[in-house]
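First the structure, in the form of structure tokens, and then the observations on it.
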Amino acid sequence: MKLWEHNTTLRGGKSTLRPMTEGDWDILLRWNRDPEVLYFTDIDVVAPRELPDVQEMYRGVSRNAFCFIIEVGGEPVGECWLQKMNLERVLREYPGKDCRRIDLMIGEKGLWGKGIGTDVISTLTRFGFENEKADFVFGCDIADYNPRSLRVFQKNGYRIEAEMVQPPGNKAGIIYDLVLSKDEYYRRERRA
């Protein structure tokens, strides 16, 4: 199976989201082998990934998502995607609705806290509602030990939809799902 490649490029205020391609394995592998990057991008304890695992993960996600490489100044700094919702707990709550989710990783640690995540979420949110006509867009499984991620979704108007306490001994004590509805998005856009 190959990565599903699309031809959509999105431009934000600070970043450009270009299509992820089969030529990106070297940078994706580097980020997926960095323990500090992985700590904040996965709620489970994850060992650095090998190339076949990285390829399987992104190729699988790409079947139901627009996968992008985040670029700043023409240089790759991370990855993100807008995916059709794949979590049963969310689909049960929103039957018959077009639900999407945003996932992202800023792989270049020197750029953490520089507003790139906020910009990427804004760009993907706009794409989800205005181009893909989603009813709801989510940020899912955001861990309590990653307050930056929680803040960037909230800066973009997302609200906490679910707060799930994790069993003792888990890496996260609480994980959050955040949501923004189409109506909330357009009300926010009108005010801006």
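Order determines the names: the first chain of the structure tokens is A, the second B, and so forth; residues in each chain are numbered 1 upward, and ligands are numbered 1 upward as they are shown.
Proximity to Val137 in chain A at 7 Å, evaluated using only C-alpha atoms and with sequence-adjacent residues fewer than 3 positions away removed, yields Cys99, Arg100, Arg101, Thr125, Ala134, Val179, Leu180 and Ser181 of chain A.
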For the selection you just gave me, I'd like the residues written to a file as a PDB file, in the first residue's frame, keeping C-alpha atoms.
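File out-v6.pdb, as written:
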```pdb
ATOM      1  CA  CYS A  99     -16.993  14.735  11.920  1.00  0.00           C
ATOM      2  CA  ARG A 100     -13.310  15.313  11.279  1.00  0.00           C
ATOM      3  CA  ARG A 101     -10.266  15.423  13.510  1.00  0.00           C
ATOM      4  CA  THR A 125     -10.113  24.197  10.664  1.00  0.00           C
ATOM      5  CA  ALA A 134     -17.608  19.234   7.930  1.00  0.00           C
ATOM      6  CA  VAL A 179     -14.724  20.289  19.419  1.00  0.00           C
ATOM      7  CA  LEU A 180     -15.777  23.173  17.202  1.00  0.00           C
ATOM      8  CA  SER A 181     -19.095  23.095  15.351  1.00  0.00           C
TER       9      SER A 181
END
```
Original post:
DSSP on the backbone: what in range 8-191 of chain A comes out alpha helix (DSSP H), as JSON, numbers by chain?
Top reply: {"A": [25, 26, 27, 28, 29, 30, 31, 32, 35, 36, 37, 38, 39, 40, 41, 51, 52, 53, 54, 55, 56, 57, 58, 59, 60, 61, 88, 89, 90, 91, 92, 93, 116, 117, 118, 119, 120, 121, 122, 123, 124, 125, 126, 147, 148, 149, 150, 151, 152, 153, 154, 155, 182, 183, 184, 185, 186, 187, 188, 189, 190, 191]}
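Separating CA of Val54 in chain A from CA of His6 in chain A is a distance of 19.0 Å.
CA of Glu5 in chain A is found 15.7 Å from CA of Lys84 in chain A.
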**OP:** For range 106-115 of chain A, work out the shell of residues within 7 Å, counting only C-alpha atoms and skipping chain neighbours fewer than 6 positions away, then give it as a list of chain:residue names.
**Re:** A:Trp31, A:Val37, A:Val77, A:Gly78, A:Glu79
Per-residue DSSP, range 6-170 of chain A, filtered to strand (DSSP E), as an mmCIF file with N, CA and C atoms, in the first residue's frame:
```cif
data_model
loop_
_atom_site.group_PDB
_atom_site.id
_atom_site.type_symbol
_atom_site.label_atom_id
_atom_site.label_comp_id
_atom_site.auth_asym_id
_atom_site.auth_seq_id
_atom_site.Cartn_x
_atom_site.Cartn_y
_atom_site.Cartn_z
ATOM 1 N N LEU A 10 -2.251 24.277 1.447
ATOM 2 C CA LEU A 10 -2.952 25.281 2.244
ATOM 3 C C LEU A 10 -1.940 26.274 2.788
ATOM 4 N N ARG A 11 -2.318 27.544 2.809
ATOM 5 C CA ARG A 11 -1.428 28.575 3.320
ATOM 6 C C ARG A 11 -2.054 29.248 4.538
ATOM 7 N N THR A 16 2.938 26.911 5.617
ATOM 8 C CA THR A 16 2.332 26.329 4.415
ATOM 9 C C THR A 16 2.183 24.845 4.679
ATOM 10 N N LEU A 17 1.024 24.303 4.335
ATOM 11 C CA LEU A 17 0.774 22.872 4.464
ATOM 12 C C LEU A 17 0.780 22.297 3.063
ATOM 13 N N ARG A 18 1.813 21.517 2.766
ATOM 14 C CA ARG A 18 1.916 20.912 1.434
ATOM 15 C C ARG A 18 1.609 19.425 1.549
ATOM 16 N N PRO A 19 1.178 18.806 0.451
ATOM 17 C CA PRO A 19 0.848 17.379 0.518
ATOM 18 C C PRO A 19 2.036 16.537 0.978
ATOM 19 N N ALA A 65 -7.687 10.643 5.195
ATOM 20 C CA ALA A 65 -7.234 11.955 5.656
ATOM 21 C C ALA A 65 -6.472 12.682 4.564
ATOM 22 N N PHE A 66 -6.443 13.996 4.710
ATOM 23 C CA PHE A 66 -5.530 14.830 3.960
ATOM 24 C C PHE A 66 -4.293 14.962 4.845
ATOM 25 N N CYS A 67 -3.185 14.355 4.439
ATOM 26 C CA CYS A 67 -1.944 14.406 5.217
ATOM 27 C C CYS A 67 -1.024 15.464 4.619
ATOM 28 N N PHE A 68 -0.452 16.289 5.491
ATOM 29 C CA PHE A 68 0.371 17.413 5.061
ATOM 30 C C PHE A 68 1.714 17.422 5.779
ATOM 31 N N ILE A 69 2.693 18.022 5.124
ATOM 32 C CA ILE A 69 3.945 18.416 5.757
ATOM 33 C C ILE A 69 3.828 19.919 6.029
ATOM 34 N N ILE A 70 4.128 20.315 7.256
ATOM 35 C CA ILE A 70 4.100 21.720 7.648
ATOM 36 C C ILE A 70 5.452 22.326 7.278
ATOM 37 N N GLU A 71 5.409 23.411 6.535
ATOM 38 C CA GLU A 71 6.641 24.106 6.171
ATOM 39 C C GLU A 71 6.592 25.537 6.692
ATOM 40 N N VAL A 72 7.737 26.013 7.137
ATOM 41 C CA VAL A 72 7.917 27.412 7.521
ATOM 42 C C VAL A 72 9.157 27.891 6.786
ATOM 43 N N GLU A 75 10.984 25.268 4.708
ATOM 44 C CA GLU A 75 11.619 24.127 5.372
ATOM 45 C C GLU A 75 10.570 23.293 6.113
ATOM 46 N N PRO A 76 10.647 21.955 6.028
ATOM 47 C CA PRO A 76 9.701 21.108 6.763
ATOM 48 C C PRO A 76 9.954 21.182 8.268
ATOM 49 N N VAL A 77 8.879 21.407 9.019
ATOM 50 C CA VAL A 77 9.008 21.541 10.477
ATOM 51 C C VAL A 77 8.063 20.607 11.231
ATOM 52 N N GLY A 78 7.148 19.941 10.515
ATOM 53 C CA GLY A 78 6.198 19.065 11.187
ATOM 54 C C GLY A 78 5.239 18.444 10.202
ATOM 55 N N GLU A 79 4.282 17.722 10.750
ATOM 56 C CA GLU A 79 3.255 17.087 9.925
ATOM 57 C C GLU A 79 1.905 17.270 10.581
ATOM 58 N N CYS A 80 0.847 17.139 9.772
ATOM 59 C CA CYS A 80 -0.514 17.262 10.294
ATOM 60 C C CYS A 80 -1.471 16.597 9.323
ATOM 61 N N TRP A 81 -2.693 16.398 9.820
ATOM 62 C CA TRP A 81 -3.722 15.890 8.921
ATOM 63 C C TRP A 81 -5.097 16.285 9.400
ATOM 64 N N LEU A 82 -6.026 16.299 8.434
ATOM 65 C CA LEU A 82 -7.457 16.423 8.696
ATOM 66 C C LEU A 82 -8.049 15.089 8.277
ATOM 67 N N GLN A 83 -8.574 14.363 9.253
ATOM 68 C CA GLN A 83 -8.992 12.977 9.058
ATOM 69 C C GLN A 83 -10.488 12.827 9.319
ATOM 70 N N LYS A 84 -11.124 11.950 8.567
ATOM 71 C CA LYS A 84 -12.492 11.564 8.906
ATOM 72 C C LYS A 84 -12.450 10.907 10.277
ATOM 73 N N CYS A 99 -17.947 14.376 10.867
ATOM 74 C CA CYS A 99 -16.993 14.735 11.920
ATOM 75 C C CYS A 99 -15.581 14.475 11.425
ATOM 76 N N ARG A 100 -14.718 15.432 11.651
ATOM 77 C CA ARG A 100 -13.310 15.313 11.279
ATOM 78 C C ARG A 100 -12.460 15.547 12.512
ATOM 79 N N ARG A 101 -11.198 15.163 12.415
ATOM 80 C CA ARG A 101 -10.266 15.423 13.510
ATOM 81 C C ARG A 101 -8.949 15.928 12.958
ATOM 82 N N ILE A 102 -8.321 16.777 13.742
ATOM 83 C CA ILE A 102 -7.012 17.329 13.408
ATOM 84 C C ILE A 102 -5.979 16.679 14.313
ATOM 85 N N ASP A 103 -4.896 16.244 13.716
ATOM 86 C CA ASP A 103 -3.730 15.779 14.456
ATOM 87 C C ASP A 103 -2.520 16.508 13.895
ATOM 88 N N LEU A 104 -1.566 16.841 14.753
ATOM 89 C CA LEU A 104 -0.365 17.492 14.252
ATOM 90 C C LEU A 104 0.826 17.204 15.143
ATOM 91 N N MET A 105 1.986 17.357 14.559
ATOM 92 C CA MET A 105 3.265 17.181 15.245
ATOM 93 C C MET A 105 4.207 18.263 14.731
ATOM 94 N N ILE A 106 4.713 19.086 15.645
ATOM 95 C CA ILE A 106 5.807 19.990 15.283
ATOM 96 C C ILE A 106 7.078 19.222 15.631
ATOM 97 N N PHE A 136 -18.525 19.096 12.260
ATOM 98 C CA PHE A 136 -17.753 19.273 13.489
ATOM 99 C C PHE A 136 -16.303 18.916 13.204
ATOM 100 N N VAL A 137 -15.385 19.662 13.834
ATOM 101 C CA VAL A 137 -13.965 19.328 13.768
ATOM 102 C C VAL A 137 -13.473 19.191 15.215
ATOM 103 N N PHE A 138 -12.669 18.172 15.450
ATOM 104 C CA PHE A 138 -12.213 17.817 16.792
ATOM 105 C C PHE A 138 -10.699 17.834 16.900
ATOM 106 N N GLY A 139 -10.233 18.035 18.117
ATOM 107 C CA GLY A 139 -8.885 17.702 18.552
ATOM 108 C C GLY A 139 -9.086 16.619 19.595
ATOM 109 N N CYS A 140 -8.543 15.432 19.402
ATOM 110 C CA CYS A 140 -8.848 14.288 20.276
ATOM 111 C C CYS A 140 -7.610 13.791 21.019
ATOM 112 N N ASP A 141 -7.890 13.193 22.173
ATOM 113 C CA ASP A 141 -6.844 12.547 22.974
ATOM 114 C C ASP A 141 -5.709 13.504 23.335
ATOM 115 N N ILE A 142 -6.075 14.718 23.738
ATOM 116 C CA ILE A 142 -5.060 15.690 24.148
ATOM 117 C C ILE A 142 -4.791 15.482 25.636
ATOM 118 N N ALA A 143 -3.560 15.184 25.969
ATOM 119 C CA ALA A 143 -3.197 14.788 27.327
ATOM 120 C C ALA A 143 -2.964 15.999 28.219
ATOM 121 N N ARG A 159 -13.802 24.022 22.175
ATOM 122 C CA ARG A 159 -14.177 23.884 23.581
ATOM 123 C C ARG A 159 -14.015 22.427 23.990
ATOM 124 N N ILE A 160 -13.797 22.214 25.280
ATOM 125 C CA ILE A 160 -13.651 20.845 25.781
ATOM 126 C C ILE A 160 -14.997 20.154 25.711
ATOM 127 N N GLU A 161 -15.028 19.044 25.012
ATOM 128 C CA GLU A 161 -16.232 18.240 24.825
ATOM 129 C C GLU A 161 -16.267 17.080 25.817
ATOM 130 N N ALA A 162 -15.090 16.500 26.068
ATOM 131 C CA ALA A 162 -15.013 15.347 26.968
ATOM 132 C C ALA A 162 -13.700 15.398 27.725
ATOM 133 N N GLU A 163 -13.778 15.006 28.979
ATOM 134 C CA GLU A 163 -12.616 14.945 29.860
ATOM 135 C C GLU A 163 -12.604 13.532 30.426
ATOM 136 N N MET A 164 -11.592 12.744 30.042
ATOM 137 C CA MET A 164 -11.571 11.332 30.400
ATOM 138 C C MET A 164 -10.415 11.033 31.354
ATOM 139 N N VAL A 165 -10.762 10.695 32.593
ATOM 140 C CA VAL A 165 -9.755 10.348 33.589
ATOM 141 C C VAL A 165 -9.164 8.996 33.209
#
```
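Each of A:Phe129, A:Tyr94, A:Tyr58, A:Tyr39 was checked against Tyr185 in chain A using only C-alpha atoms; the smallest atom-to-atom distance is that of A:Phe129.
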Subject >> Counting only C-alpha atoms, the residue of A:Arg59, A:Lys182, A:Lys171, A:Lys14 that sits nearest Glu132 in chain A >> reply: A:Lys182
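Nearest residue to Ser149 in chain A, choosing from A:Asp183, A:Glu56, A:Asp177, A:Glu22 and counting only C-alpha atoms: A:Asp177.
Here CA of Asn170 in chain A and CA of Thr41 in chain A stand 15.0 Å from one another.
In terms of minimum interatomic distance to Gly96 in chain A, A:Asp135 ranks closest within A:Asn32, A:Tyr145, A:Asp135, A:Phe153, counting only C-alpha atoms.
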Subject >> Contacts of Asn146 in chain A within 10 Å, only C-alpha atoms, excl. fewer than 5 positions in-chain, as a list in words >> reply: Tyr39, Phe40, Thr41, Ile43, Arg151, Ala172 and Ile175 of chain A
Output N, CA and C atoms for every residue in the selection just made, as a CSV table (one decimal), in the first residue's frame.
```
chain,number,residue,atom,x,y,z
A,39,TYR,N,6.9,12.0,23.0
A,39,TYR,CA,6.3,12.1,24.3
A,39,TYR,C,5.1,13.0,24.2
A,40,PHE,N,5.1,14.1,23.4
A,40,PHE,CA,4.0,15.0,23.3
A,40,PHE,C,3.0,14.7,22.3
A,41,THR,N,3.3,13.7,21.4
A,41,THR,CA,2.4,13.4,20.3
A,41,THR,C,1.6,12.2,20.5
A,43,ILE,N,-0.4,9.6,23.5
A,43,ILE,CA,-0.8,9.4,24.9
A,43,ILE,C,-0.2,8.2,25.5
A,151,ARG,N,-4.1,24.6,24.6
A,151,ARG,CA,-4.3,26.0,24.4
A,151,ARG,C,-4.4,26.4,22.9
A,172,ALA,N,-0.8,9.8,31.0
A,172,ALA,CA,-1.7,10.9,31.2
A,172,ALA,C,-2.7,10.6,32.4
A,175,ILE,N,-7.3,12.8,29.6
A,175,ILE,CA,-7.2,13.2,28.2
A,175,ILE,C,-8.5,13.9,27.8
```
Subject >> Pick from A:Arg30, A:Glu93, A:Glu50, A:Asn156, whichever lies nearest to Leu124 in chain A using only C-alpha atoms >> reply: A:Asn156
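Shortest atom-to-atom contact with Trp25 in chain A among A:Lys2, A:Leu51, A:Asn64, A:Asn7: A:Leu51, counting only C-alpha atoms.
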